[in-house]
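Here's the structure we're looking at; comments come further down.
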Number of protein chains: 2
Amino acid sequence: MKKSEVNSTAIARLAGVSRSTVSRVINNYSNVPTETRDKVMKVIQQYNYFPNASAQALAGKRSRTIGLFLIDQGHVAGDILTNMLIVSVIAHASEHGYYVLTHIIRHTKDTEVIKNVREIFYQRRIDGGIFIGAAIREPFIEELIEEGFTVGIFDQELPEHPEPNRIVSNFNNDSGMKQAVAYLAGLGHTKIGVINGDMKRLSGQTKYEGFLMAMRMCGLEVNPDWVLDGDFNESSGVHAMRTLLGKGGELPTAIIAANDSVAFGAIRELKEHGVQVPEDISVIGFDDHALSAKHHPALTTIRVDFSGMLKRMTLCLIARIEDKTPVVREISLDCSLVVRDSCRRV
Amino acid sequence: MKKSEVNSTAIARLAGVSRSTVSRVINNYSNVPTETRDKVMKVIQQYNYFPNASAQALAGKRSRTIGLFLIDQGHVAGDILTNMLIVSVIAHASEHGYYVLTHIIRHTKDTEVIKNVREIFYQRRIDGGIFIGAAIREPFIEELIEEGFTVGIFDQELPEHPEPNRIVSNFNNDSGMKQAVAYLAGLGHTKIGVINGDMKRLSGQTKYEGFLMAMRMCGLEVNPDWVLDGDFNESSGVHAMRTLLGKGGELPTAIIAANDSVAFGAIRELKEHGVQVPEDISVIGFDDHALSAKHHPALTTIRVDFSGMLKRMTLCLIARIEDKTPVVREISLDCSLVVRDSCRRV
DNA sequence: CTGAAAGCGCTTACAG
DNA sequence: CTGAAAGCGCTTACAG
């Protein structure tokens, strides 16, 4: 018999006890005398026995697996940030004895894809799930919450009557935008443009709102020609600059991009047109992407601790699954300016 | 009753059939009349019923989950390549109705960590697993193969008596190195150095062997001072150049790095010392990393199709799991030179 | 074509 | 402290 085929019956027989006792040893019941425990453990180790996870789950144990759902509107899959998020979730789940089933959702409008996501929950493959990249309100996620599944949503706020099984997390984008505008204002900029992110996402909206408020607070006017659409992808930075330069009107002296990828794209396109950064236009990003420090010019940006955020989210989800400490439902983290070389004084 | 709590008994009752019939409908048995099937399907859809995966597994079905094990000697976790590998496996597994449980192995010497990996297999959480970044012979992987688990190993060759449950994949590093040396020779270089990768890995060894053979074929001499140790991480490129420049001897006119990350590190350190690439030294990488085209200078390298390789590996593993087409056991892919700006004629 | 029943490998009240 | 037994939710020969 292959070792991998032993079951609790075999262990019980070999140890001279009942399956109940084997189970008690495995589950660390306190009422097993050391002697019995040792006897059983010896056989378990000798035969390399691990209880079948499906049988455990069916008998009422948790699956000890969490789902990680990446909604890929664009290039999440090709970005190093994604990798950091995945690794952070896996590493921290692992520390708590949990496994991670990662799933990529290419289109939230594709019913087959969404059916597949729901299936993962309904089939009880996972004890809970984390969603990254979701729009402000995704009907299928709302359904899962209604059904009682434990769900963590990155970049979302708590609704009015928060359900106990909903966990949300978000960055203080307001604060980030205020820092960006304040820094530029301090450098003497008054003509500040912005390239927006995906406005279907919370961070897209709050960054823009933060920008508007910060401009007002600093007594600066927002020129509508300098408010450009985007979607958090590098290509949208390229496109935004093409639009701006194509208009032929006056140019801003500084631009804040919804994230660093967008900033990279914008800077690239500006260069193409002979506009130098920061000599001609200052650019400031958001996120502090892994490449921003290495970029030419090194990108001034707003740092955001994705890894730390996902760590908290993961731990909080697990705590909720195990229904300990059901206190935290919203995780908010601040962000802060990192000055590098992409902005100059005017 | 929450929809998510219906089971096959409830569906059977609601559809007026037995659980056997519900199961037959779900499993697409041919001997169910259309009328019965429709009747049952209607209830299934209405109640959002999905069979419990643990119960299915326990009753003999596959878990439809594969494990993806990333052995992280260094910075696999912080690299965009890793992300591409993960995404490729998930996407292609998903197309075939499989899920992916991703796991990070930080130290193959840590018995707790390895026990955990074995546990995933023995617990039957997965139907098979893919290992990335393993040394040439990892005892714990060998054990899993012996136990009959289906295993795919990236960057490994088939042993003499290949087991049917072992799948390996590798790139033709020989060919890649020959192209690199040939190109440099064509540019007039005769003084060619090399920064090795991790020699515990197959690709580390075969790249170096390919280098030696190619040099011989081109009638060039290998200067032992220009053969530098490394480990596939960027920092080893830095370190290798520091060593080389520290020796104070004659410098090679060209260097081949074990991969692009190492090349990045090497170029950075050369710049620090005022040595320009490609003006003073030509550098050629390996992999065609996502950043190589954007690098300054754009890196000449050997392109390797990681994504395609992982796709094949994933499909092959699934085919083996479902025991169809048990033909392919080794997947080999060629690689090819991509000329950019980091090498010059001498 | 379909249902009753056994069985997959566990856990956990229950009884002693 | 420990075993016998029920039960978790499925699948699949078996019998009809």
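In the structure tokens, chains take letters A, B, ... by order of appearance, with residues numbered from 1 within each chain and ligands from 1 in the order shown.
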Distance-based interface of chain D with chain A, 12 Å, counting only C-alpha atoms (C1' of nucleotides), as a list in words: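 Only these qualify: DC1, DT2, DG3, DA4, DA5, DA6, DG7, DC8, DG9 and DC10 of chain D.
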Requested write-out: N, CA, C and O atoms (P, O5', C5', C4', C3', O3' and C1' of nucleotides) of the selected residues, as a PDB file, in the first residue's frame:
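Written out: result.pdb:
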ATOM      1  P    DC D   1      -7.495  11.546  31.220  1.00  0.00           P
ATOM      2  O5'  DC D   1      -8.274  10.412  30.462  1.00  0.00           O
ATOM      3  C5'  DC D   1      -7.553   9.334  29.902  1.00  0.00           C
ATOM      4  C4'  DC D   1      -8.535   8.373  29.340  1.00  0.00           C
ATOM      5  C3'  DC D   1      -8.517   8.274  27.807  1.00  0.00           C
ATOM      6  O3'  DC D   1      -8.011   6.982  27.472  1.00  0.00           O
ATOM      7  C1'  DC D   1     -10.738   8.275  28.675  1.00  0.00           C
ATOM      8  P    DT D   2      -7.672   6.581  26.034  1.00  0.00           P
ATOM      9  O5'  DT D   2      -9.079   6.045  25.528  1.00  0.00           O
ATOM     10  C5'  DT D   2      -9.511   4.751  25.928  1.00  0.00           C
ATOM     11  C4'  DT D   2     -10.810   4.469  25.235  1.00  0.00           C
ATOM     12  C3'  DT D   2     -10.738   4.576  23.708  1.00  0.00           C
ATOM     13  O3'  DT D   2     -11.092   3.329  23.186  1.00  0.00           O
ATOM     14  C1'  DT D   2     -12.649   5.674  24.553  1.00  0.00           C
ATOM     15  P    DG D   3     -10.615   2.932  21.699  1.00  0.00           P
ATOM     16  O5'  DG D   3     -11.955   2.253  21.160  1.00  0.00           O
ATOM     17  C5'  DG D   3     -12.654   1.361  22.036  1.00  0.00           C
ATOM     18  C4'  DG D   3     -14.117   1.368  21.684  1.00  0.00           C
ATOM     19  C3'  DG D   3     -14.409   1.249  20.183  1.00  0.00           C
ATOM     20  O3'  DG D   3     -15.466   0.321  20.027  1.00  0.00           O
ATOM     21  C1'  DG D   3     -15.476   3.176  21.066  1.00  0.00           C
ATOM     22  P    DA D   4     -15.803  -0.281  18.620  1.00  0.00           P
ATOM     23  O5'  DA D   4     -17.374  -0.036  18.556  1.00  0.00           O
ATOM     24  C5'  DA D   4     -18.123   0.141  19.748  1.00  0.00           C
ATOM     25  C4'  DA D   4     -19.554   0.496  19.395  1.00  0.00           C
ATOM     26  C3'  DA D   4     -19.994   0.153  17.986  1.00  0.00           C
ATOM     27  O3'  DA D   4     -21.416   0.085  18.000  1.00  0.00           O
ATOM     28  C1'  DA D   4     -19.777   2.486  18.156  1.00  0.00           C
ATOM     29  P    DA D   5     -22.253   0.005  16.608  1.00  0.00           P
ATOM     30  O5'  DA D   5     -22.604   1.538  16.351  1.00  0.00           O
ATOM     31  C5'  DA D   5     -23.361   2.252  17.312  1.00  0.00           C
ATOM     32  C4'  DA D   5     -23.870   3.547  16.694  1.00  0.00           C
ATOM     33  C3'  DA D   5     -24.339   3.408  15.251  1.00  0.00           C
ATOM     34  O3'  DA D   5     -25.371   4.352  15.036  1.00  0.00           O
ATOM     35  C1'  DA D   5     -22.607   4.952  15.318  1.00  0.00           C
ATOM     36  P    DA D   6     -26.373   4.240  13.815  1.00  0.00           P
ATOM     37  O5'  DA D   6     -26.743   5.771  13.590  1.00  0.00           O
ATOM     38  C5'  DA D   6     -26.749   6.657  14.709  1.00  0.00           C
ATOM     39  C4'  DA D   6     -26.427   8.057  14.229  1.00  0.00           C
ATOM     40  C3'  DA D   6     -27.003   8.375  12.846  1.00  0.00           C
ATOM     41  O3'  DA D   6     -27.492   9.702  12.866  1.00  0.00           O
ATOM     42  C1'  DA D   6     -24.680   8.694  12.830  1.00  0.00           C
ATOM     43  P    DG D   7     -28.395  10.235  11.624  1.00  0.00           P
ATOM     44  O5'  DG D   7     -27.403  11.281  10.958  1.00  0.00           O
ATOM     45  C5'  DG D   7     -26.658  12.183  11.783  1.00  0.00           C
ATOM     46  C4'  DG D   7     -25.633  12.854  10.906  1.00  0.00           C
ATOM     47  C3'  DG D   7     -26.104  13.035   9.460  1.00  0.00           C
ATOM     48  O3'  DG D   7     -25.859  14.366   9.049  1.00  0.00           O
ATOM     49  C1'  DG D   7     -24.001  11.996   9.505  1.00  0.00           C
ATOM     50  P    DC D   8     -26.641  14.974   7.803  1.00  0.00           P
ATOM     51  O5'  DC D   8     -25.561  15.921   7.130  1.00  0.00           O
ATOM     52  C5'  DC D   8     -24.588  16.629   7.874  1.00  0.00           C
ATOM     53  C4'  DC D   8     -23.347  16.732   7.038  1.00  0.00           C
ATOM     54  C3'  DC D   8     -23.620  16.703   5.545  1.00  0.00           C
ATOM     55  O3'  DC D   8     -23.827  18.035   5.087  1.00  0.00           O
ATOM     56  C1'  DC D   8     -21.701  15.354   6.142  1.00  0.00           C
ATOM     57  P    DG D   9     -25.077  18.390   4.165  1.00  0.00           P
ATOM     58  O5'  DG D   9     -24.609  17.941   2.725  1.00  0.00           O
ATOM     59  C5'  DG D   9     -23.413  18.487   2.186  1.00  0.00           C
ATOM     60  C4'  DG D   9     -23.080  17.743   0.923  1.00  0.00           C
ATOM     61  C3'  DG D   9     -24.243  17.575  -0.051  1.00  0.00           C
ATOM     62  O3'  DG D   9     -23.761  17.851  -1.349  1.00  0.00           O
ATOM     63  C1'  DG D   9     -23.309  15.486   0.411  1.00  0.00           C
ATOM     64  P    DC D  10     -24.683  18.037  -2.592  1.00  0.00           P
ATOM     65  O5'  DC D  10     -23.703  17.421  -3.656  1.00  0.00           O
ATOM     66  C5'  DC D  10     -23.959  16.219  -4.307  1.00  0.00           C
ATOM     67  C4'  DC D  10     -22.728  15.365  -4.274  1.00  0.00           C
ATOM     68  C3'  DC D  10     -22.765  14.254  -5.299  1.00  0.00           C
ATOM     69  O3'  DC D  10     -22.069  14.710  -6.452  1.00  0.00           O
ATOM     70  C1'  DC D  10     -22.172  13.388  -3.146  1.00  0.00           C
TER      71       DC D  10
END
To test your reading of the structure, identify every residue in segment 163-256 of chain A that backbone DSSP assigns to strand (DSSP E or B), and report it as a compact mmCIF listing (two decimals) with all heavy atoms, in the first residue's frame.
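As written to disk, out.txt reads:
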# COMPACT_ATOMS: atom_id res chain seq x y z
N ARG A 166 -19.04 41.33 5.42
CA ARG A 166 -18.39 42.18 4.41
C ARG A 166 -17.23 42.91 5.06
O ARG A 166 -17.39 43.58 6.08
CB ARG A 166 -19.39 43.20 3.86
CG ARG A 166 -18.79 44.10 2.75
CD ARG A 166 -19.59 45.37 2.53
NE ARG A 166 -20.95 45.15 2.12
CZ ARG A 166 -21.39 45.22 0.86
NH1 ARG A 166 -20.56 45.51 -0.10
NH2 ARG A 166 -22.66 45.01 0.59
N ILE A 167 -16.06 42.78 4.44
CA ILE A 167 -14.90 43.51 4.90
C ILE A 167 -14.44 44.38 3.73
O ILE A 167 -14.37 43.91 2.60
CB ILE A 167 -13.75 42.56 5.29
CG1 ILE A 167 -14.19 41.61 6.40
CG2 ILE A 167 -12.52 43.34 5.72
CD1 ILE A 167 -13.26 40.43 6.57
N VAL A 168 -14.15 45.63 4.00
CA VAL A 168 -13.68 46.47 2.90
C VAL A 168 -12.36 47.13 3.29
O VAL A 168 -12.03 47.21 4.48
CB VAL A 168 -14.69 47.59 2.54
CG1 VAL A 168 -16.02 47.00 2.11
CG2 VAL A 168 -14.88 48.54 3.72
N SER A 169 -11.62 47.56 2.30
CA SER A 169 -10.38 48.26 2.60
C SER A 169 -10.18 49.36 1.57
O SER A 169 -10.62 49.23 0.42
CB SER A 169 -9.20 47.30 2.58
OG SER A 169 -8.85 46.97 1.28
N ASN A 170 -9.57 50.42 1.99
CA ASN A 170 -9.32 51.52 1.06
C ASN A 170 -8.19 52.40 1.57
O ASN A 170 -7.86 52.40 2.75
CB ASN A 170 -10.59 52.35 0.89
CG ASN A 170 -11.20 52.72 2.23
OD1 ASN A 170 -10.62 53.44 3.02
ND2 ASN A 170 -12.39 52.19 2.50
N PHE A 171 -7.61 53.11 0.62
CA PHE A 171 -6.56 54.06 0.99
C PHE A 171 -7.17 55.44 1.10
O PHE A 171 -8.20 55.72 0.49
CB PHE A 171 -5.46 54.07 -0.07
CG PHE A 171 -4.62 52.85 -0.02
CD1 PHE A 171 -4.72 51.87 -0.99
CD2 PHE A 171 -3.73 52.65 1.02
CE1 PHE A 171 -3.95 50.73 -0.94
CE2 PHE A 171 -2.95 51.51 1.08
CZ PHE A 171 -3.06 50.54 0.10
N ILE A 192 -2.35 73.16 -12.87
CA ILE A 192 -2.19 71.74 -12.59
C ILE A 192 -3.28 70.93 -13.27
O ILE A 192 -4.47 71.21 -13.13
CB ILE A 192 -2.23 71.49 -11.06
CG1 ILE A 192 -1.15 72.33 -10.38
CG2 ILE A 192 -2.03 70.01 -10.76
CD1 ILE A 192 -1.12 72.20 -8.87
N GLY A 193 -2.84 69.93 -14.03
CA GLY A 193 -3.80 69.05 -14.70
C GLY A 193 -3.87 67.71 -13.99
O GLY A 193 -3.08 67.41 -13.10
N VAL A 194 -4.83 66.89 -14.40
CA VAL A 194 -4.97 65.57 -13.78
C VAL A 194 -5.39 64.54 -14.82
O VAL A 194 -6.13 64.86 -15.75
CB VAL A 194 -5.99 65.63 -12.61
CG1 VAL A 194 -7.41 65.88 -13.13
CG2 VAL A 194 -5.98 64.35 -11.78
N ILE A 195 -4.82 63.35 -14.71
CA ILE A 195 -5.30 62.25 -15.56
C ILE A 195 -6.04 61.30 -14.63
O ILE A 195 -5.45 60.73 -13.70
CB ILE A 195 -4.14 61.48 -16.22
CG1 ILE A 195 -3.21 62.46 -16.97
CG2 ILE A 195 -4.69 60.42 -17.19
CD1 ILE A 195 -1.96 61.79 -17.53
N VAL A 227 -8.35 68.27 -17.34
CA VAL A 227 -8.88 67.09 -16.63
C VAL A 227 -9.09 66.00 -17.68
O VAL A 227 -9.96 66.11 -18.53
CB VAL A 227 -10.22 67.42 -15.93
CG1 VAL A 227 -10.80 66.16 -15.31
CG2 VAL A 227 -10.01 68.49 -14.86
N LEU A 228 -8.23 65.00 -17.63
CA LEU A 228 -8.21 64.01 -18.71
C LEU A 228 -8.70 62.64 -18.25
O LEU A 228 -8.44 62.22 -17.11
CB LEU A 228 -6.78 63.93 -19.24
CG LEU A 228 -6.25 65.29 -19.73
CD1 LEU A 228 -4.74 65.36 -19.61
CD2 LEU A 228 -6.73 65.56 -21.15
N ALA A 254 2.05 71.27 -14.57
CA ALA A 254 2.19 70.04 -13.78
C ALA A 254 0.97 69.15 -14.01
O ALA A 254 -0.13 69.64 -14.25
CB ALA A 254 2.33 70.36 -12.31
N ILE A 255 1.22 67.84 -13.92
CA ILE A 255 0.14 66.89 -14.11
C ILE A 255 0.20 65.83 -13.02
O ILE A 255 1.28 65.30 -12.71
CB ILE A 255 0.25 66.22 -15.49
CG1 ILE A 255 -0.12 67.22 -16.58
CG2 ILE A 255 -0.66 64.99 -15.58
CD1 ILE A 255 0.11 66.72 -17.97
N ILE A 256 -0.95 65.54 -12.45
CA ILE A 256 -1.02 64.46 -11.48
C ILE A 256 -1.70 63.28 -12.15
O ILE A 256 -2.80 63.42 -12.70
CB ILE A 256 -1.82 64.88 -10.24
CG1 ILE A 256 -1.20 66.15 -9.62
CG2 ILE A 256 -1.86 63.75 -9.21
CD1 ILE A 256 -1.97 66.69 -8.41
Counting only C-alpha atoms, which residues of chain A fall within 8 Å of chain B, and what is the closest atom pair for each with its distance in Å at one decimal, ordered by chain and rising number, as a Markdown table?
| residue | atom | partner | partner_atom | distance |
| --- | --- | --- | --- | --- |
| A:Lys2 | CA | B:Glu147 | CA | 6.3 |
| A:Lys3 | CA | B:Glu147 | CA | 7.1 |
| A:Ser4 | CA | B:Tyr122 | CA | 5.8 |
| A:Tyr49 | CA | B:Tyr122 | CA | 7.5 |
| A:Phe50 | CA | B:Gln123 | CA | 5.6 |
| A:Pro51 | CA | B:Gln123 | CA | 5.8 |
| A:Asn52 | CA | B:Gln123 | CA | 4.4 |
| A:Ala53 | CA | B:Gln123 | CA | 5.1 |
| A:Ser54 | CA | B:Ser54 | CA | 4.4 |
| A:Ala55 | CA | B:Leu58 | CA | 6.3 |
| A:Ala57 | CA | B:Ser54 | CA | 6.4 |
| A:Leu58 | CA | B:Ser54 | CA | 6.0 |
| A:Ala77 | CA | B:Val87 | CA | 6.4 |
| A:Gly78 | CA | B:Met84 | CA | 6.6 |
| A:Asp79 | CA | B:Ile80 | CA | 6.6 |
| A:Ile80 | CA | B:Ile80 | CA | 4.8 |
| A:Thr82 | CA | B:Asn83 | CA | 7.2 |
| A:Asn83 | CA | B:Asn83 | CA | 5.1 |
| A:Met84 | CA | B:Gly78 | CA | 6.6 |
| A:Val87 | CA | B:Ala77 | CA | 6.4 |
| A:Ile90 | CA | B:His103 | CA | 6.8 |
| A:Ala91 | CA | B:Ile104 | CA | 7.1 |
| A:Tyr99 | CA | B:Leu101 | CA | 6.8 |
| A:Val100 | CA | B:Leu101 | CA | 5.6 |
| A:Leu101 | CA | B:Leu101 | CA | 4.5 |
| A:Thr102 | CA | B:Val100 | CA | 6.1 |
| A:His103 | CA | B:Ile90 | CA | 6.7 |
| A:Ile104 | CA | B:Ala91 | CA | 7.1 |
| A:Glu119 | CA | B:Phe50 | CA | 6.3 |
| A:Tyr122 | CA | B:Ser4 | CA | 5.8 |
| A:Gln123 | CA | B:Asn52 | CA | 4.4 |
| A:Arg124 | CA | B:Asn52 | CA | 6.1 |
| A:Arg125 | CA | B:Ala53 | CA | 6.3 |
| A:Glu147 | CA | B:Ser4 | CA | 6.3 |
Output file for the selection above: N, CA and C atoms, as an mmCIF file, in the first residue's frame:
data_model
loop_
_atom_site.group_PDB
_atom_site.id
_atom_site.type_symbol
_atom_site.label_atom_id
_atom_site.label_comp_id
_atom_site.auth_asym_id
_atom_site.auth_seq_id
_atom_site.Cartn_x
_atom_site.Cartn_y
_atom_site.Cartn_z
ATOM 1 N N LYS A 2 0.608 2.113 -0.951
ATOM 2 C CA LYS A 2 1.331 3.380 -0.972
ATOM 3 C C LYS A 2 0.989 4.141 0.296
ATOM 4 N N LYS A 3 1.985 4.802 0.809
ATOM 5 C CA LYS A 3 1.756 5.601 2.008
ATOM 6 C C LYS A 3 0.624 6.576 1.788
ATOM 7 N N SER A 4 0.570 7.108 0.588
ATOM 8 C CA SER A 4 -0.417 8.155 0.333
ATOM 9 C C SER A 4 -1.827 7.604 0.337
ATOM 10 N N TYR A 49 0.775 9.959 7.278
ATOM 11 C CA TYR A 49 -0.669 10.128 7.122
ATOM 12 C C TYR A 49 -1.121 11.570 7.286
ATOM 13 N N PHE A 50 -1.916 12.033 6.334
ATOM 14 C CA PHE A 50 -2.583 13.335 6.441
ATOM 15 C C PHE A 50 -4.054 13.102 6.166
ATOM 16 N N PRO A 51 -4.923 13.575 7.020
ATOM 17 C CA PRO A 51 -6.349 13.341 6.793
ATOM 18 C C PRO A 51 -6.821 13.948 5.477
ATOM 19 N N ASN A 52 -7.678 13.251 4.807
ATOM 20 C CA ASN A 52 -8.240 13.722 3.550
ATOM 21 C C ASN A 52 -9.032 15.022 3.774
ATOM 22 N N ALA A 53 -8.631 16.050 3.042
ATOM 23 C CA ALA A 53 -9.228 17.368 3.257
ATOM 24 C C ALA A 53 -10.714 17.398 2.911
ATOM 25 N N SER A 54 -11.103 16.667 1.885
ATOM 26 C CA SER A 54 -12.520 16.659 1.497
ATOM 27 C C SER A 54 -13.374 16.015 2.570
ATOM 28 N N ALA A 55 -12.867 14.938 3.119
ATOM 29 C CA ALA A 55 -13.618 14.265 4.178
ATOM 30 C C ALA A 55 -13.739 15.168 5.397
ATOM 31 N N ALA A 57 -13.703 18.431 5.393
ATOM 32 C CA ALA A 57 -14.624 19.518 5.075
ATOM 33 C C ALA A 57 -16.066 19.017 5.158
ATOM 34 N N LEU A 58 -16.282 17.823 4.619
ATOM 35 C CA LEU A 58 -17.634 17.280 4.606
ATOM 36 C C LEU A 58 -18.135 17.020 6.027
ATOM 37 N N ALA A 77 -2.884 41.718 -15.052
ATOM 38 C CA ALA A 77 -2.107 40.488 -15.156
ATOM 39 C C ALA A 77 -0.663 40.730 -15.544
ATOM 40 N N GLY A 78 -0.387 41.846 -16.214
ATOM 41 C CA GLY A 78 0.966 42.067 -16.683
ATOM 42 C C GLY A 78 1.734 43.018 -15.797
ATOM 43 N N ASP A 79 1.213 43.270 -14.652
ATOM 44 C CA ASP A 79 1.847 44.270 -13.811
ATOM 45 C C ASP A 79 2.452 43.677 -12.560
ATOM 46 N N ILE A 80 3.560 44.265 -12.178
ATOM 47 C CA ILE A 80 4.290 43.746 -11.047
ATOM 48 C C ILE A 80 3.529 43.971 -9.743
ATOM 49 N N THR A 82 0.367 43.477 -9.282
ATOM 50 C CA THR A 82 -0.478 42.305 -9.111
ATOM 51 C C THR A 82 0.273 41.200 -8.392
ATOM 52 N N ASN A 83 1.499 41.026 -8.828
ATOM 53 C CA ASN A 83 2.306 39.980 -8.232
ATOM 54 C C ASN A 83 2.497 40.214 -6.742
ATOM 55 N N MET A 84 2.734 41.463 -6.390
ATOM 56 C CA MET A 84 2.926 41.797 -4.986
ATOM 57 C C MET A 84 1.660 41.483 -4.189
ATOM 58 N N VAL A 87 1.297 37.653 -3.871
ATOM 59 C CA VAL A 87 2.287 37.107 -2.949
ATOM 60 C C VAL A 87 1.955 37.485 -1.506
ATOM 61 N N ILE A 90 -0.945 35.249 -0.337
ATOM 62 C CA ILE A 90 -0.515 33.861 -0.160
ATOM 63 C C ILE A 90 0.369 33.710 1.067
ATOM 64 N N ALA A 91 1.340 34.603 1.188
ATOM 65 C CA ALA A 91 2.286 34.488 2.293
ATOM 66 C C ALA A 91 1.587 34.596 3.647
ATOM 67 N N TYR A 99 -4.790 28.145 2.541
ATOM 68 C CA TYR A 99 -4.324 28.071 1.165
ATOM 69 C C TYR A 99 -5.071 29.099 0.343
ATOM 70 N N VAL A 100 -4.525 29.430 -0.801
ATOM 71 C CA VAL A 100 -5.143 30.451 -1.639
ATOM 72 C C VAL A 100 -5.440 29.913 -3.037
ATOM 73 N N LEU A 101 -6.681 30.027 -3.402
ATOM 74 C CA LEU A 101 -7.102 29.657 -4.754
ATOM 75 C C LEU A 101 -7.246 30.974 -5.523
ATOM 76 N N THR A 102 -6.339 31.190 -6.447
ATOM 77 C CA THR A 102 -6.344 32.464 -7.179
ATOM 78 C C THR A 102 -7.131 32.324 -8.471
ATOM 79 N N HIS A 103 -7.902 33.324 -8.760
ATOM 80 C CA HIS A 103 -8.766 33.256 -9.941
ATOM 81 C C HIS A 103 -8.746 34.606 -10.642
ATOM 82 N N ILE A 104 -8.718 34.586 -11.953
ATOM 83 C CA ILE A 104 -8.673 35.834 -12.714
ATOM 84 C C ILE A 104 -10.006 36.042 -13.417
ATOM 85 N N GLU A 119 -19.746 29.702 -8.463
ATOM 86 C CA GLU A 119 -19.580 28.267 -8.270
ATOM 87 C C GLU A 119 -18.525 27.959 -7.213
ATOM 88 N N TYR A 122 -20.210 28.580 -3.869
ATOM 89 C CA TYR A 122 -21.308 27.653 -3.593
ATOM 90 C C TYR A 122 -20.835 26.210 -3.447
ATOM 91 N N GLN A 123 -19.781 25.870 -4.158
ATOM 92 C CA GLN A 123 -19.249 24.516 -4.057
ATOM 93 C C GLN A 123 -18.493 24.311 -2.755
ATOM 94 N N ARG A 124 -18.329 25.392 -2.001
ATOM 95 C CA ARG A 124 -17.593 25.354 -0.728
ATOM 96 C C ARG A 124 -16.124 25.005 -0.910
ATOM 97 N N ARG A 125 -15.583 25.446 -2.037
ATOM 98 C CA ARG A 125 -14.154 25.234 -2.227
ATOM 99 C C ARG A 125 -13.370 26.156 -1.313
ATOM 100 N N GLU A 147 -25.787 36.050 0.377
ATOM 101 C CA GLU A 147 -25.867 34.614 0.650
ATOM 102 C C GLU A 147 -25.093 34.224 1.903
#
Segment 305-312 of chain A surroundings by only C-alpha atoms (C1' of nucleotides), 8 Å radius, close-in-sequence under 3 positions cut, as an NGL selection string: :A and (84-85 or 88-89 or 92 or 169 or 287 or 315-316 or 331 or 333 or 335)
Give me a file of those residues, with N, CA and C atoms, as a compact mmCIF listing (two decimals), in the first residue's frame.
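part_11.txt was written with the following content:
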# COMPACT_ATOMS: atom_id res chain seq x y z
N MET A 84 2.73 41.46 -6.39
CA MET A 84 2.93 41.80 -4.99
C MET A 84 1.66 41.48 -4.19
N LEU A 85 0.52 41.80 -4.77
CA LEU A 85 -0.74 41.54 -4.09
C LEU A 85 -0.93 40.04 -3.87
N SER A 88 1.51 38.70 -1.31
CA SER A 88 1.17 39.13 0.05
C SER A 88 0.04 38.28 0.62
N VAL A 89 -0.98 38.07 -0.17
CA VAL A 89 -2.11 37.26 0.31
C VAL A 89 -1.67 35.84 0.60
N HIS A 92 0.68 35.55 3.76
CA HIS A 92 0.04 35.74 5.06
C HIS A 92 -1.03 34.70 5.34
N SER A 169 -11.62 47.56 2.30
CA SER A 169 -10.38 48.26 2.60
C SER A 169 -10.18 49.36 1.57
N ASP A 287 0.91 55.63 -6.08
CA ASP A 287 1.12 54.20 -5.79
C ASP A 287 2.53 53.87 -5.32
N LEU A 315 -5.60 38.80 6.95
CA LEU A 315 -5.73 38.42 8.35
C LEU A 315 -7.14 38.67 8.86
N CYS A 316 -7.71 39.78 8.43
CA CYS A 316 -9.05 40.13 8.87
C CYS A 316 -10.07 39.13 8.32
N ILE A 331 -10.79 48.60 6.67
CA ILE A 331 -9.38 48.85 6.86
C ILE A 331 -9.00 50.06 6.02
N LEU A 333 -6.00 52.96 5.17
CA LEU A 333 -4.59 53.26 5.35
C LEU A 333 -4.27 54.59 4.70
N CYS A 335 -1.58 57.43 2.98
CA CYS A 335 -0.53 57.33 1.99
C CYS A 335 0.32 58.58 2.08
Backbone DSSP call of alpha helix (DSSP H) for segment 93-220 of chain A, listed as a PyMOL selection string: chain A and resi 93-95+111-122+139-146+173-186+202-217
Contact residues around Asp229 of chain B with only C-alpha atoms (C1' of nucleotides) at 12 Å, ignoring same-chain residues under 6 positions, as a ChimeraX atom specification: /B:193-199,204-205,208,235-244,257-258,262
Separation of atom CA of Tyr98 of chain B from atom CA of Arg320 of chain B, in Å and rounded to one decimal: 13.3 Å
Residue nearest Ser332 of chain B among B:Phe264, B:Tyr183, B:Phe69, B:Phe154 (counting only C-alpha atoms):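 The answer is B:Phe154, which sits nearest to Ser332 of chain B.
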Point-to-point distance in Å for atom CA of Pro164 of chain A and atom CA of Glu330 of chain A: 10.8 Å
For atom CA of Val151 of chain A and atom CA of Ala135 of chain A, the interatomic separation in Å (one decimal):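 These atoms are spaced 14.8 Å apart.
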